[in-house]
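File shown: structure24.cif. Contents: mmCIF, C-alpha atoms.
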data_work
#
loop_
_atom_site.label_atom_id
_atom_site.label_comp_id
_atom_site.auth_asym_id
_atom_site.auth_seq_id
_atom_site.Cartn_x
_atom_site.Cartn_y
_atom_site.Cartn_z
CA MET A 15 137.84 112.39 133.39
CA LYS A 16 140.53 112.80 130.80
CA THR A 17 138.30 110.99 128.32
CA MET A 18 135.35 113.28 129.03
CA THR A 19 137.42 116.35 128.23
CA LYS A 20 138.35 114.86 124.87
CA LEU A 21 134.79 113.93 124.17
CA TRP A 22 133.78 117.52 124.73
CA ALA A 23 136.49 118.65 122.34
CA THR A 24 134.98 116.37 119.69
CA VAL A 25 131.49 117.63 120.40
CA ALA A 26 132.72 121.18 120.01
CA ILE A 27 134.27 120.35 116.62
CA CYS A 28 131.04 118.74 115.47
CA GLY A 29 129.09 121.73 116.73
CA ALA A 30 131.22 124.08 114.68
CA MET A 31 130.64 121.92 111.63
CA LEU A 32 126.90 121.92 112.14
CA SER A 33 126.71 125.66 111.91
CA SER A 34 129.05 126.10 108.97
CA THR A 35 128.71 123.38 106.35
CA ALA A 36 125.34 121.72 106.73
CA PHE A 37 121.69 122.50 107.22
CA ALA A 38 121.30 125.50 104.98
CA ASP A 39 119.75 126.07 101.57
CA PRO A 40 122.55 124.72 99.38
CA HIS A 41 121.87 127.16 96.52
CA PRO A 42 119.87 130.07 97.93
CA ASP A 43 119.59 131.74 94.54
CA ALA A 44 118.94 128.75 92.31
CA GLU A 45 115.51 128.53 90.71
CA LEU A 46 114.24 125.67 88.63
CA ILE A 47 112.68 127.21 85.54
CA ILE A 48 112.06 124.84 82.65
CA GLU A 49 112.30 126.17 79.10
CA GLY A 50 112.43 129.65 80.59
CA GLU A 51 108.76 129.57 81.55
CA LEU A 52 107.66 126.74 83.85
CA HIS A 53 108.63 127.62 87.44
CA ILE A 54 108.97 124.59 89.70
CA ALA A 55 109.41 125.23 93.41
CA THR A 56 112.35 123.36 94.93
CA ARG A 57 111.73 124.41 98.54
CA ALA A 58 108.64 123.97 100.69
CA GLU A 59 107.40 124.10 104.26
CA PRO A 60 108.03 120.75 105.93
CA PRO A 61 104.96 118.59 106.50
CA GLU A 62 103.69 118.59 110.07
CA HIS A 63 104.25 114.86 110.62
CA LEU A 64 108.02 115.47 110.51
CA GLY A 65 107.78 117.25 113.83
CA GLY A 66 110.43 119.82 112.96
CA VAL A 67 113.32 117.45 112.08
CA LEU A 68 113.87 119.40 108.83
CA PRO A 69 113.69 123.21 108.91
CA GLU A 70 112.59 123.34 105.29
CA ILE A 71 112.30 120.65 102.65
CA TYR A 72 114.49 120.77 99.56
CA SER A 73 114.49 119.04 96.22
CA GLY A 74 117.57 116.97 95.46
CA TRP A 75 118.00 119.27 92.44
CA LEU A 76 119.39 121.97 94.74
CA PHE A 77 122.26 119.71 95.82
CA ARG A 78 123.61 119.02 92.36
CA THR A 79 126.27 120.84 90.36
CA ASP A 80 125.48 123.79 88.08
CA GLU A 81 125.91 121.56 85.01
CA THR A 82 123.52 118.88 86.24
CA ARG A 83 120.92 121.42 87.36
CA GLU A 84 121.02 123.09 83.96
CA LEU A 85 120.31 119.83 82.14
CA GLN A 86 116.95 119.69 83.88
CA MET A 87 116.05 123.22 82.84
CA ASP A 88 115.84 122.42 79.16
CA ASP A 89 113.69 119.57 77.86
CA PHE A 90 115.92 119.20 74.83
CA ASP A 91 119.01 118.71 77.02
CA ASN A 92 117.22 116.45 79.51
CA PRO A 93 118.03 112.90 78.34
CA GLY A 94 115.06 111.56 80.32
CA MET A 95 112.70 113.14 77.78
CA LEU A 96 113.67 110.48 75.23
CA PHE A 97 112.12 107.87 77.51
CA ALA A 98 108.87 109.84 77.72
CA GLU A 99 108.86 110.18 73.92
CA ARG A 100 109.15 106.43 73.50
CA GLY A 101 106.44 106.17 76.14
CA GLU A 102 104.08 108.07 73.83
CA ASP A 103 104.43 105.36 71.18
CA ARG A 104 103.84 102.66 73.75
CA TRP A 105 100.77 104.53 75.01
CA GLU A 106 99.24 104.15 71.55
CA LEU A 107 100.36 100.56 70.93
CA ALA A 108 97.59 97.94 70.96
CA GLU A 109 98.81 94.72 72.58
CA GLY A 110 97.63 91.51 74.23
CA THR A 111 94.70 89.22 73.63
CA ALA A 112 92.31 92.19 73.87
CA ASN A 113 94.36 94.04 71.26
CA GLN A 114 93.98 97.32 73.09
CA SER A 115 96.31 100.19 73.94
CA CYS A 116 96.44 102.45 76.99
CA ALA A 117 94.92 105.17 74.80
CA ASP A 118 91.91 102.99 73.96
CA CYS A 119 90.76 103.14 77.58
CA HIS A 120 92.37 106.36 78.87
CA GLY A 121 92.33 108.60 75.79
CA ASP A 122 94.99 111.27 75.69
CA VAL A 123 97.84 110.77 78.14
CA GLU A 124 97.01 114.17 79.63
CA SER A 125 94.19 112.36 81.41
CA MET A 126 96.98 111.03 83.67
CA ALA A 127 97.69 114.50 85.14
CA GLY A 128 97.82 114.22 88.93
CA VAL A 129 98.38 110.45 89.04
CA ARG A 130 102.10 110.58 89.81
CA ALA A 131 101.51 113.08 92.65
CA VAL A 132 99.43 110.63 94.71
CA MET A 133 101.49 107.47 94.15
CA PRO A 134 101.84 105.07 95.85
CA LYS A 135 98.24 104.66 96.97
CA VAL A 136 95.91 102.04 98.41
CA ASN A 137 93.87 100.23 95.74
CA GLU A 138 90.28 99.04 95.98
CA ASN A 139 91.41 95.78 97.63
CA GLY A 140 93.26 97.56 100.39
CA GLU A 141 96.75 96.89 98.96
CA LEU A 142 99.40 99.57 98.65
CA TRP A 143 100.32 99.90 94.97
CA SER A 144 102.95 101.89 93.13
CA MET A 145 102.35 103.26 89.62
CA GLN A 146 104.08 100.17 88.20
CA ASN A 147 101.48 97.91 89.84
CA TYR A 148 98.61 99.88 88.34
CA ILE A 149 100.22 99.76 84.90
CA ASN A 150 100.81 96.01 85.09
CA ASN A 151 97.29 95.45 86.32
CA CYS A 152 95.96 97.13 83.17
CA ARG A 153 98.27 95.03 81.06
CA THR A 154 97.43 91.65 82.53
CA GLU A 155 93.75 92.14 83.48
CA ARG A 156 92.49 94.48 80.77
CA MET A 157 94.79 94.00 77.78
CA GLY A 158 95.66 90.35 78.24
CA ALA A 159 99.33 91.25 77.82
CA ASP A 160 102.52 90.38 79.76
CA ALA A 161 103.44 92.32 82.87
CA TRP A 162 106.50 94.54 82.44
CA GLY A 163 109.51 94.12 84.73
CA TRP A 164 109.87 96.83 87.38
CA ASN A 165 113.10 98.19 85.85
CA SER A 166 112.37 97.21 82.24
CA GLU A 167 112.68 99.67 79.36
CA PRO A 168 108.95 99.82 78.56
CA MET A 169 108.17 100.40 82.25
CA LYS A 170 110.73 103.22 82.39
CA ASP A 171 109.26 104.78 79.24
CA VAL A 172 105.64 104.74 80.35
CA THR A 173 106.25 105.74 84.01
CA SER A 174 108.35 108.65 82.69
CA LEU A 175 105.54 109.73 80.35
CA ILE A 176 102.86 109.48 83.05
CA SER A 177 105.02 111.28 85.63
CA LEU A 178 105.61 114.13 83.21
CA GLN A 179 101.85 114.81 83.14
CA SER A 180 102.08 115.80 86.84
CA ARG A 181 105.13 118.00 86.46
CA GLY A 182 104.78 120.96 88.83
CA MET A 183 101.92 119.47 90.84
CA PRO A 184 102.71 119.12 94.57
CA VAL A 185 103.26 115.65 95.99
CA ALA A 186 99.96 114.77 97.67
CA VAL A 187 100.20 111.17 98.87
CA LYS A 188 97.54 110.08 101.33
CA ILE A 189 98.96 108.83 104.62
CA ASP A 190 95.89 108.48 106.82
CA GLY A 191 92.97 106.03 106.76
CA GLU A 192 93.84 102.76 105.07
CA ALA A 193 97.30 104.06 104.18
CA ALA A 194 98.28 104.67 107.81
CA GLU A 195 99.54 101.18 108.61
CA PHE A 196 101.73 101.10 105.47
CA TRP A 197 103.06 104.55 106.25
CA GLU A 198 103.98 103.48 109.80
CA LYS A 199 105.96 100.51 108.46
CA GLY A 200 107.75 102.70 105.94
CA ARG A 201 108.60 105.13 108.70
CA GLU A 202 110.08 102.36 110.80
CA MET A 203 112.25 101.25 107.87
CA TYR A 204 113.48 104.79 107.34
CA TYR A 205 114.96 104.80 110.83
CA THR A 206 116.33 101.22 110.77
CA ARG A 207 120.11 100.96 110.66
CA PHE A 208 120.69 98.38 107.94
CA GLY A 209 123.76 96.43 106.93
CA GLN A 210 127.24 95.94 108.30
CA LEU A 211 127.75 99.72 108.25
CA GLU A 212 124.60 100.14 110.37
CA LEU A 213 123.24 103.15 108.50
CA SER A 214 119.62 104.23 108.27
CA CYS A 215 118.10 106.48 105.64
CA ALA A 216 117.84 109.10 108.39
CA ASN A 217 121.56 108.88 109.23
CA CYS A 218 122.40 110.19 105.79
CA HIS A 219 119.35 112.20 104.68
CA GLU A 220 118.04 113.62 107.97
CA ASP A 221 121.13 113.93 110.19
CA ASN A 222 123.71 114.78 107.54
CA TRP A 223 122.06 116.38 104.52
CA GLY A 224 124.20 119.22 103.23
CA ARG A 225 127.41 117.44 104.23
CA MET A 226 129.80 115.58 101.94
CA ILE A 227 130.12 111.81 102.00
CA ARG A 228 133.23 111.56 99.89
CA ALA A 229 132.34 113.17 96.53
CA ASP A 230 128.59 113.10 97.14
CA HIS A 231 126.70 116.09 98.42
CA LEU A 232 124.02 114.53 100.62
CA SER A 233 120.51 115.71 99.85
CA GLN A 234 117.41 115.13 101.96
CA GLY A 235 116.73 112.02 99.86
CA MET A 236 113.43 113.32 98.47
CA SER A 237 111.52 111.30 95.89
CA ASN A 238 109.65 114.07 94.06
CA GLY A 239 112.14 113.97 91.16
CA PHE A 240 111.52 110.31 90.25
CA PRO A 241 111.75 108.69 87.84
CA THR A 242 115.17 110.28 87.55
CA TYR A 243 117.58 110.30 84.64
CA ARG A 244 120.86 109.39 86.28
CA LEU A 245 123.99 110.42 84.39
CA LYS A 246 126.03 107.73 86.15
CA ASN A 247 123.67 105.00 84.87
CA ALA A 248 122.94 106.75 81.56
CA SER A 249 119.34 105.69 82.06
CA ILE A 250 116.14 106.31 83.95
CA VAL A 251 116.48 105.13 87.54
CA PRO A 252 113.19 104.15 89.17
CA LEU A 253 112.82 105.02 92.86
CA HIS A 254 113.06 101.42 94.10
CA GLN A 255 116.36 101.01 92.25
CA ARG A 256 117.66 104.05 94.13
CA PHE A 257 116.49 102.50 97.43
CA ARG A 258 118.35 99.34 96.50
CA GLY A 259 121.51 101.32 95.82
CA CYS A 260 121.29 103.16 99.12
CA ILE A 261 120.81 99.90 101.08
CA ARG A 262 123.65 98.27 99.12
CA ASP A 263 125.86 101.15 100.25
CA THR A 264 125.23 100.17 103.88
CA ARG A 265 126.72 96.73 103.07
CA GLY A 266 123.20 95.50 103.58
CA GLU A 267 120.92 92.95 101.95
CA SER A 268 118.39 94.87 99.88
CA PHE A 269 114.71 94.19 99.44
CA ALA A 270 113.49 93.47 95.93
CA GLU A 271 112.30 96.27 93.66
CA GLY A 272 108.51 96.26 93.80
CA SER A 273 108.43 94.45 97.16
CA GLN A 274 105.87 95.27 99.84
CA GLU A 275 108.70 96.77 101.93
CA PHE A 276 109.85 99.13 99.19
CA ARG A 277 106.29 100.25 98.43
CA GLU A 278 105.84 101.12 102.10
CA LEU A 279 109.17 102.93 102.11
CA GLU A 280 108.09 104.73 98.93
CA LEU A 281 104.95 105.98 100.67
CA TYR A 282 106.86 107.21 103.70
CA VAL A 283 109.68 108.87 101.70
CA SER A 284 107.08 110.54 99.44
CA SER A 285 105.30 111.88 102.51
CA ARG A 286 108.49 113.58 103.71
CA GLY A 287 108.28 115.57 100.47
CA LEU A 288 104.58 116.46 100.72
CA GLY A 289 104.25 119.86 99.06
CA LEU A 290 107.34 119.64 96.83
CA PRO A 291 106.31 119.63 93.17
CA VAL A 292 106.69 116.50 91.06
CA GLU A 293 109.71 117.02 88.78
CA GLY A 294 109.56 113.77 86.86
CA ILE A 295 111.71 113.53 84.86
CA SER A 296 114.56 114.98 86.90
CA VAL A 297 118.29 114.76 86.13
CA ARG A 298 120.80 113.70 88.77
CA GLN A 299 124.46 112.80 88.58
CA MET B 15 139.31 77.82 105.29
CA THR B 16 137.22 80.63 106.75
CA ARG B 17 138.79 83.51 108.58
CA ARG B 18 137.35 82.36 111.82
CA SER B 19 138.49 78.77 111.57
CA LEU B 20 141.86 80.14 110.50
CA SER B 21 142.22 82.17 113.68
CA ALA B 22 141.00 79.19 115.70
CA ALA B 23 143.78 77.18 114.10
CA CYS B 24 146.30 79.88 114.97
CA ALA B 25 145.09 79.90 118.56
CA ALA B 26 145.51 76.12 118.72
CA THR B 27 149.03 76.45 117.33
CA ALA B 28 149.84 79.02 119.97
CA VAL B 29 148.79 76.63 122.72
CA ILE B 30 150.85 73.79 121.23
CA TRP B 31 153.93 76.00 121.02
CA GLY B 32 153.44 77.18 124.55
CA GLY B 33 152.50 80.73 123.59
CA ALA B 34 155.56 81.33 121.46
CA THR B 35 153.38 82.66 118.63
CA PHE B 36 150.91 85.44 119.29
CA ALA B 37 147.27 84.62 118.48
CA GLU B 38 145.24 87.38 116.93
CA ILE B 39 142.62 88.68 119.35
CA SER B 40 139.23 87.96 117.89
CA PRO B 41 136.48 90.59 118.26
CA ALA B 42 134.69 88.58 120.92
CA ASP B 43 137.86 88.30 123.04
CA ILE B 44 138.80 91.97 123.20
CA VAL B 45 139.57 93.19 126.71
CA TRP B 46 138.35 96.76 127.17
CA GLU B 47 139.67 99.26 129.69
CA ASP B 48 137.53 102.15 130.96
CA GLU B 49 134.83 100.87 128.58
CA ILE B 50 136.39 102.57 125.54
CA ALA B 51 140.08 101.71 125.28
CA ILE B 52 141.88 98.55 124.12
CA PRO B 53 145.38 98.41 125.69
CA ALA B 54 146.59 95.23 123.96
CA SER B 55 147.55 94.98 120.32
CA LEU B 56 145.00 93.00 118.31
CA SER B 57 147.59 91.35 116.07
CA GLY B 58 150.71 91.20 118.23
CA THR B 59 152.67 92.87 115.41
CA PRO B 60 153.43 96.59 115.73
CA GLY B 61 151.35 98.77 113.42
CA ASP B 62 152.94 100.20 110.29
CA PRO B 63 151.91 103.85 109.79
CA VAL B 64 152.69 103.76 106.06
CA ALA B 65 150.37 100.80 105.49
CA GLY B 66 147.89 102.51 107.83
CA ALA B 67 147.77 105.60 105.62
CA VAL B 68 146.85 103.42 102.66
CA THR B 69 144.06 101.72 104.65
CA VAL B 70 142.71 105.11 105.79
CA SER B 71 142.51 106.54 102.27
CA SER B 72 141.60 103.48 100.23
CA ARG B 73 137.92 103.26 99.30
CA SER B 74 138.02 99.47 99.41
CA ALA B 75 139.62 99.36 102.87
CA GLY B 76 138.90 101.86 105.66
CA ASN B 77 137.45 104.52 103.37
CA CYS B 78 137.81 106.83 106.36
CA LEU B 79 138.00 109.87 104.08
CA SER B 80 134.42 109.32 102.99
CA CYS B 81 133.48 110.83 106.37
CA HIS B 82 136.64 112.54 107.66
CA GLN B 83 138.90 115.29 106.44
CA ASN B 84 142.64 114.87 106.94
CA THR B 85 144.87 117.77 105.94
CA ALA B 86 147.90 115.46 105.99
CA MET B 87 146.54 113.83 102.81
CA PRO B 88 146.05 116.74 100.41
CA GLU B 89 146.59 114.37 97.47
CA HIS B 90 143.20 112.78 98.16
CA ASP B 91 140.37 115.03 97.05
CA PHE B 92 136.70 114.57 97.93
CA GLN B 93 137.22 114.21 101.67
CA GLY B 94 133.94 113.95 103.54
CA ASN B 95 132.80 116.00 106.53
CA ILE B 96 130.36 113.72 108.34
CA GLY B 97 132.72 113.25 111.29
CA PRO B 98 135.33 115.58 112.80
CA SER B 99 138.66 116.14 111.05
CA LEU B 100 141.30 113.52 111.82
CA ASP B 101 143.83 116.31 112.37
CA GLY B 102 145.30 116.03 115.85
CA SER B 103 143.65 112.73 116.73
CA GLY B 104 147.07 111.38 117.80
CA ALA B 105 147.35 114.27 120.26
CA ARG B 106 143.79 114.05 121.60
CA TRP B 107 143.66 110.30 122.16
CA SER B 108 146.00 107.64 123.50
CA GLU B 109 146.98 104.64 121.38
CA ALA B 110 144.63 102.38 123.40
CA GLU B 111 141.76 104.82 122.92
CA LEU B 112 142.36 105.08 119.18
CA ARG B 113 142.38 101.28 118.97
CA GLY B 114 139.01 101.33 120.74
CA ILE B 115 137.62 103.99 118.38
CA VAL B 116 138.76 102.24 115.20
CA ALA B 117 137.68 98.78 116.41
CA ASN B 118 134.28 99.88 117.77
CA ALA B 119 133.52 103.59 117.72
CA LYS B 120 130.04 103.01 119.08
CA ARG B 121 131.47 102.38 122.56
CA VAL B 122 132.98 105.88 122.83
CA PHE B 123 130.31 107.56 120.75
CA PRO B 124 126.99 105.79 121.33
CA GLU B 125 124.74 105.72 118.23
CA SER B 126 127.61 107.08 116.12
CA MET B 127 127.46 107.05 112.33
CA MET B 128 130.96 105.59 112.39
CA PRO B 129 130.93 101.90 111.45
CA VAL B 130 132.29 99.18 113.72
CA PHE B 131 135.41 98.04 111.90
CA TYR B 132 136.26 95.02 114.03
CA ASN B 133 133.27 92.77 114.57
CA ASP B 134 132.71 89.53 112.67
CA ASN B 135 129.38 88.53 114.17
CA PRO B 136 126.60 88.84 111.55
CA GLU B 137 123.97 88.49 114.29
CA ASP B 138 124.81 91.96 115.52
CA TYR B 139 123.50 93.49 112.29
CA ILE B 140 120.15 93.99 110.58
CA ARG B 141 120.14 92.40 107.12
CA PRO B 142 123.92 92.27 106.70
CA GLY B 143 124.90 91.89 103.05
CA GLU B 144 127.73 90.31 101.12
CA ALA B 145 129.98 93.35 100.82
CA TYR B 146 128.45 95.84 98.34
CA THR B 147 126.42 93.38 96.28
CA ALA B 148 123.02 94.05 97.95
CA ARG B 149 122.76 90.25 98.39
CA ALA B 150 122.48 88.43 101.71
CA TYR B 151 125.75 87.79 103.54
CA ASN B 152 127.61 84.55 103.18
CA PRO B 153 128.23 82.95 106.61
CA GLU B 154 131.43 81.37 105.24
CA THR B 155 133.04 84.66 104.31
CA PHE B 156 131.47 87.27 106.60
CA SER B 157 134.35 89.04 108.32
CA THR B 158 135.46 92.20 110.07
CA LEU B 159 135.69 95.34 107.89
CA LEU B 160 139.39 95.63 108.76
CA THR B 161 141.75 92.84 109.81
CA ALA B 162 143.49 92.96 113.19
CA GLN B 163 146.69 94.09 111.47
CA GLN B 164 144.89 96.79 109.48
CA VAL B 165 143.45 98.17 112.74
CA GLU B 166 146.96 98.24 114.21
CA ASP B 167 148.32 99.98 111.10
CA VAL B 168 145.55 102.59 111.14
CA VAL B 169 146.14 103.29 114.84
CA ALA B 170 149.88 103.67 114.18
CA TYR B 171 149.07 106.15 111.41
CA LEU B 172 146.59 108.13 113.54
CA MET B 173 149.27 108.43 116.27
CA THR B 174 151.34 110.43 113.77
CA LEU B 175 148.56 113.03 113.41
CA THR B 176 149.54 115.34 116.25
CA ASP B 177 149.03 118.77 114.66
CA TRP B 178 145.73 120.59 114.70
#
Target format structure tokens, applied to this file:
Amino acid sequence: MKTMTKLWATVAICGAMLSSTAFADPHPDAELIIEGELHIATRAEPPEHLGGVLPEIYSGWLFRTDETRELQMDDFDNPGMLFAERGEDRWELAEGTANQSCADCHGDVESMAGVRAVMPKVNENGELWSMQNYINNCRTERMGADAWGWNSEPMKDVTSLISLQSRGMPVAVKIDGEAAEFWEKGREMYYTRFGQLELSCANCHEDNWGRMIRADHLSQGMSNGFPTYRLKNASIVPLHQRFRGCIRDTRGESFAEGSQEFRELELYVSSRGLGLPVEGISVRQ
Amino acid sequence: MTRRSLSAACAATAVIWGGATFAEISPADIVWEDEIAIPASLSGTPGDPVAGAVTVSSRSAGNCLSCHQNTAMPEHDFQGNIGPSLDGSGARWSEAELRGIVANAKRVFPESMMPVFYNDNPEDYIRPGEAYTARAYNPETFSTLLTAQQVEDVVAYLMTLTDW
């Protein structure tokens, strides 16, 4: 009996916290406008499949400090742009036994507009592929060149460049048809409590977004900003590397970057952000 | 020697000496009262509130402040607000209840975000890792998040938090 009373006291404290510190637009007035002209929405109606667990969906940009948000508003200040610039050179570079470049088959990189918005997607053999898989397939099958490592510099450069072509286009991953079984598995992972700390993605990004976990302001863990330039790493951080970091923080054993599991998780996480514009290349702390 | 074989050795010593030394209570041997409270000390040595304060605030030990605010520690900035403030926990809960919460919060608060600090069984977890390396756990070194004495110290510290 005594214990129940105390439990209620705790519930009341939590209730008070719910209404004050979390679950509200973290920067109601902030607008992401790049170079003073390109407006990128950072809020959207939640997709129906979420069944109302998020009142509105927010870009991670809204959860960052003024300084970090500003870096993304100016392409000259955004350090991620250097990766895309190097990507342009790589786009033109003929390599491999076929001695061909990306441009030889695809022409101007602007032909890649819209690609980032639908990744990952099911390929013609029924496999779920991320952008990195499609790039490596061109390299090994069409150019006769080496595959690039998932987190390698050339991969960061070219995925940054390709993502930039979709900047401002809403995330539009397909989750039905052949994609449905992958999406289901990704969803299951999202709610699995990994590691010795027994934390799921949802524990942090669905139940506690808006709250502080030590110095970090928890966002909804959206993926529309990837690849992200992360100040802490002083480099581009691909989405699967972020997943790895989040699982590491549960004192858990991660999956490998590029693994089947992480591609399924990528599909599910992307689908939580359906409707949020692609920001690639975003800046985070 | 692993932690577990070490405590087994201690237990054996205790039997040989006829119980003169106190064996640490291992996670599997905890005796619970009212489902949520642990009346007996886990280490047999009274908790030290000063050491407990260090365990509460240290990122590499309890890291309690990643989720809890505690106004008695204004020198530590970046206190989290995932869980309720620790203020007054020594007034709201008994020592046995606080020992239960720190050792295994999921008994009092089912499904809680709060980690279980005193369980050394890797089978109870999904893909447990080797600390924060993202690699698979090592069966030789897998251990509780806090030692029995650290739990006692933290409880002793929480008992001092009576204002709220």
Select, as a PyMOL selection string, those residues of chain A with any atom no more than 6 Å from chain B (distances computed using all atoms listed in the file). chain A and resi 28+208-211+226-229+262+265-268
Any idea what the distance is between CA of Val251 (chain A) and CA of Ser174 (chain A)? 10.1 Å
Result set, the PyMOL selection byres ((chain A and resi 108) around 12) on current file, as a PDB file with C-alpha atoms, in the coordinates of the input:
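File produced: part.pdb:
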ATOM      1  CA  ASP A 103     104.430 105.360  71.180  1.00  0.00           C
ATOM      2  CA  ARG A 104     103.840 102.660  73.750  1.00  0.00           C
ATOM      3  CA  TRP A 105     100.770 104.530  75.010  1.00  0.00           C
ATOM      4  CA  GLU A 106      99.240 104.150  71.550  1.00  0.00           C
ATOM      5  CA  LEU A 107     100.360 100.560  70.930  1.00  0.00           C
ATOM      6  CA  GLU A 109      98.810  94.720  72.580  1.00  0.00           C
ATOM      7  CA  GLY A 110      97.630  91.510  74.230  1.00  0.00           C
ATOM      8  CA  THR A 111      94.700  89.220  73.630  1.00  0.00           C
ATOM      9  CA  ALA A 112      92.310  92.190  73.870  1.00  0.00           C
ATOM     10  CA  ASN A 113      94.360  94.040  71.260  1.00  0.00           C
ATOM     11  CA  GLN A 114      93.980  97.320  73.090  1.00  0.00           C
ATOM     12  CA  SER A 115      96.310 100.190  73.940  1.00  0.00           C
ATOM     13  CA  CYS A 116      96.440 102.450  76.990  1.00  0.00           C
ATOM     14  CA  ALA A 117      94.920 105.170  74.800  1.00  0.00           C
ATOM     15  CA  ASP A 118      91.910 102.990  73.960  1.00  0.00           C
ATOM     16  CA  CYS A 119      90.760 103.140  77.580  1.00  0.00           C
ATOM     17  CA  ARG A 153      98.270  95.030  81.060  1.00  0.00           C
ATOM     18  CA  ARG A 156      92.490  94.480  80.770  1.00  0.00           C
ATOM     19  CA  MET A 157      94.790  94.000  77.780  1.00  0.00           C
ATOM     20  CA  GLY A 158      95.660  90.350  78.240  1.00  0.00           C
ATOM     21  CA  ALA A 159      99.330  91.250  77.820  1.00  0.00           C
TER      22      ALA A 159
END
Which residues fall under the PyMOL selection byres ((chain B and resi 58) around 10) in this file, as JSON, numbers by chain? {"B": [35, 36, 37, 38, 39, 54, 55, 56, 57, 59, 60, 61, 162, 163, 166]}
Write the residues you've just listed into a file as an mmCIF file, in the frame of the given file, and include C-alpha atoms for each of them.
data_model
loop_
_atom_site.group_PDB
_atom_site.id
_atom_site.type_symbol
_atom_site.label_atom_id
_atom_site.label_comp_id
_atom_site.auth_asym_id
_atom_site.auth_seq_id
_atom_site.Cartn_x
_atom_site.Cartn_y
_atom_site.Cartn_z
ATOM 1 C CA THR B 35 153.380 82.660 118.630
ATOM 2 C CA PHE B 36 150.910 85.440 119.290
ATOM 3 C CA ALA B 37 147.270 84.620 118.480
ATOM 4 C CA GLU B 38 145.240 87.380 116.930
ATOM 5 C CA ILE B 39 142.620 88.680 119.350
ATOM 6 C CA ALA B 54 146.590 95.230 123.960
ATOM 7 C CA SER B 55 147.550 94.980 120.320
ATOM 8 C CA LEU B 56 145.000 93.000 118.310
ATOM 9 C CA SER B 57 147.590 91.350 116.070
ATOM 10 C CA THR B 59 152.670 92.870 115.410
ATOM 11 C CA PRO B 60 153.430 96.590 115.730
ATOM 12 C CA GLY B 61 151.350 98.770 113.420
ATOM 13 C CA ALA B 162 143.490 92.960 113.190
ATOM 14 C CA GLN B 163 146.690 94.090 111.470
ATOM 15 C CA GLU B 166 146.960 98.240 114.210
#
10 Å contact set for Val64 (chain B), all atoms listed in the file, chain neighbours under 2 positions out, as a list in words: Gly61, Asp62, Gly66, Ala67, Val68, Thr69, Asp167, Val168, Ala170 and Tyr171 of chain B
So, with only C-alpha atoms as the atoms that count, which of A:Leu245, A:Leu76, A:Val172, A:Ala55 lies closest to His231 (chain A)?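 Nearest to His231 (chain A): A:Leu76.
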Select all residues near (144.4, 112.0, 102.4) (cut-off 7 Å, inclusive, file coordinates), counting all atoms listed in the file, and output them as a PyMOL selection string. chain B and resi 71+79+84-90
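Closest approach to Gln299 (chain A) from the set A:Glu278, A:Asp230, A:Glu198, A:Glu167 is made by A:Asp230, with distances taken over all atoms listed in the file.
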Rounded to one decimal, what separation in Å do you get between CA of Asp91 (chain A) and CA of Ser177 (chain A)?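 Distance reported for this atom pair: 18.0 Å.
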I'd like the contact shell of Leu96 (chain A) - 12 Å cut-off, only C-alpha atoms, skipping same-chain residues fewer than 2 positions apart - returned as a list in words. Asp89, Phe90, Asp91, Asn92, Pro93, Gly94, Ala98, Glu99, Arg100, Gly101, Glu102, Asp103, Glu167, Lys170, Asp171, Val172, Ser174, Leu175, Leu178, Tyr243, Ala248, Ser249, Ile250 and Ile295 of chain A
Could you list, as a VMD selection string, every residue within 9 Å of Gly235 (chain A), counting all atoms listed in the file and ignoring same-chain residues fewer than 4 positions away? chain A and resid 73 to 74 215 218 to 220 223 283
Evaluated on this file, the PyMOL selection byres ((chain A and resi 201) around 12) picks out some residues - which ones are they, written as an mmCIF file with C-alpha atoms, in the frame of the given file?
data_model
loop_
_atom_site.group_PDB
_atom_site.id
_atom_site.type_symbol
_atom_site.label_atom_id
_atom_site.label_comp_id
_atom_site.auth_asym_id
_atom_site.auth_seq_id
_atom_site.Cartn_x
_atom_site.Cartn_y
_atom_site.Cartn_z
ATOM 1 C CA HIS A 63 104.250 114.860 110.620
ATOM 2 C CA LEU A 64 108.020 115.470 110.510
ATOM 3 C CA ILE A 189 98.960 108.830 104.620
ATOM 4 C CA ALA A 194 98.280 104.670 107.810
ATOM 5 C CA GLU A 195 99.540 101.180 108.610
ATOM 6 C CA PHE A 196 101.730 101.100 105.470
ATOM 7 C CA TRP A 197 103.060 104.550 106.250
ATOM 8 C CA GLU A 198 103.980 103.480 109.800
ATOM 9 C CA LYS A 199 105.960 100.510 108.460
ATOM 10 C CA GLY A 200 107.750 102.700 105.940
ATOM 11 C CA GLU A 202 110.080 102.360 110.800
ATOM 12 C CA MET A 203 112.250 101.250 107.870
ATOM 13 C CA TYR A 204 113.480 104.790 107.340
ATOM 14 C CA TYR A 205 114.960 104.800 110.830
ATOM 15 C CA THR A 206 116.330 101.220 110.770
ATOM 16 C CA SER A 214 119.620 104.230 108.270
ATOM 17 C CA CYS A 215 118.100 106.480 105.640
ATOM 18 C CA ALA A 216 117.840 109.100 108.390
ATOM 19 C CA GLU A 275 108.700 96.770 101.930
ATOM 20 C CA PHE A 276 109.850 99.130 99.190
ATOM 21 C CA ARG A 277 106.290 100.250 98.430
ATOM 22 C CA GLU A 278 105.840 101.120 102.100
ATOM 23 C CA LEU A 279 109.170 102.930 102.110
ATOM 24 C CA GLU A 280 108.090 104.730 98.930
ATOM 25 C CA LEU A 281 104.950 105.980 100.670
ATOM 26 C CA TYR A 282 106.860 107.210 103.700
ATOM 27 C CA VAL A 283 109.680 108.870 101.700
ATOM 28 C CA SER A 284 107.080 110.540 99.440
ATOM 29 C CA SER A 285 105.300 111.880 102.510
ATOM 30 C CA ARG A 286 108.490 113.580 103.710
#
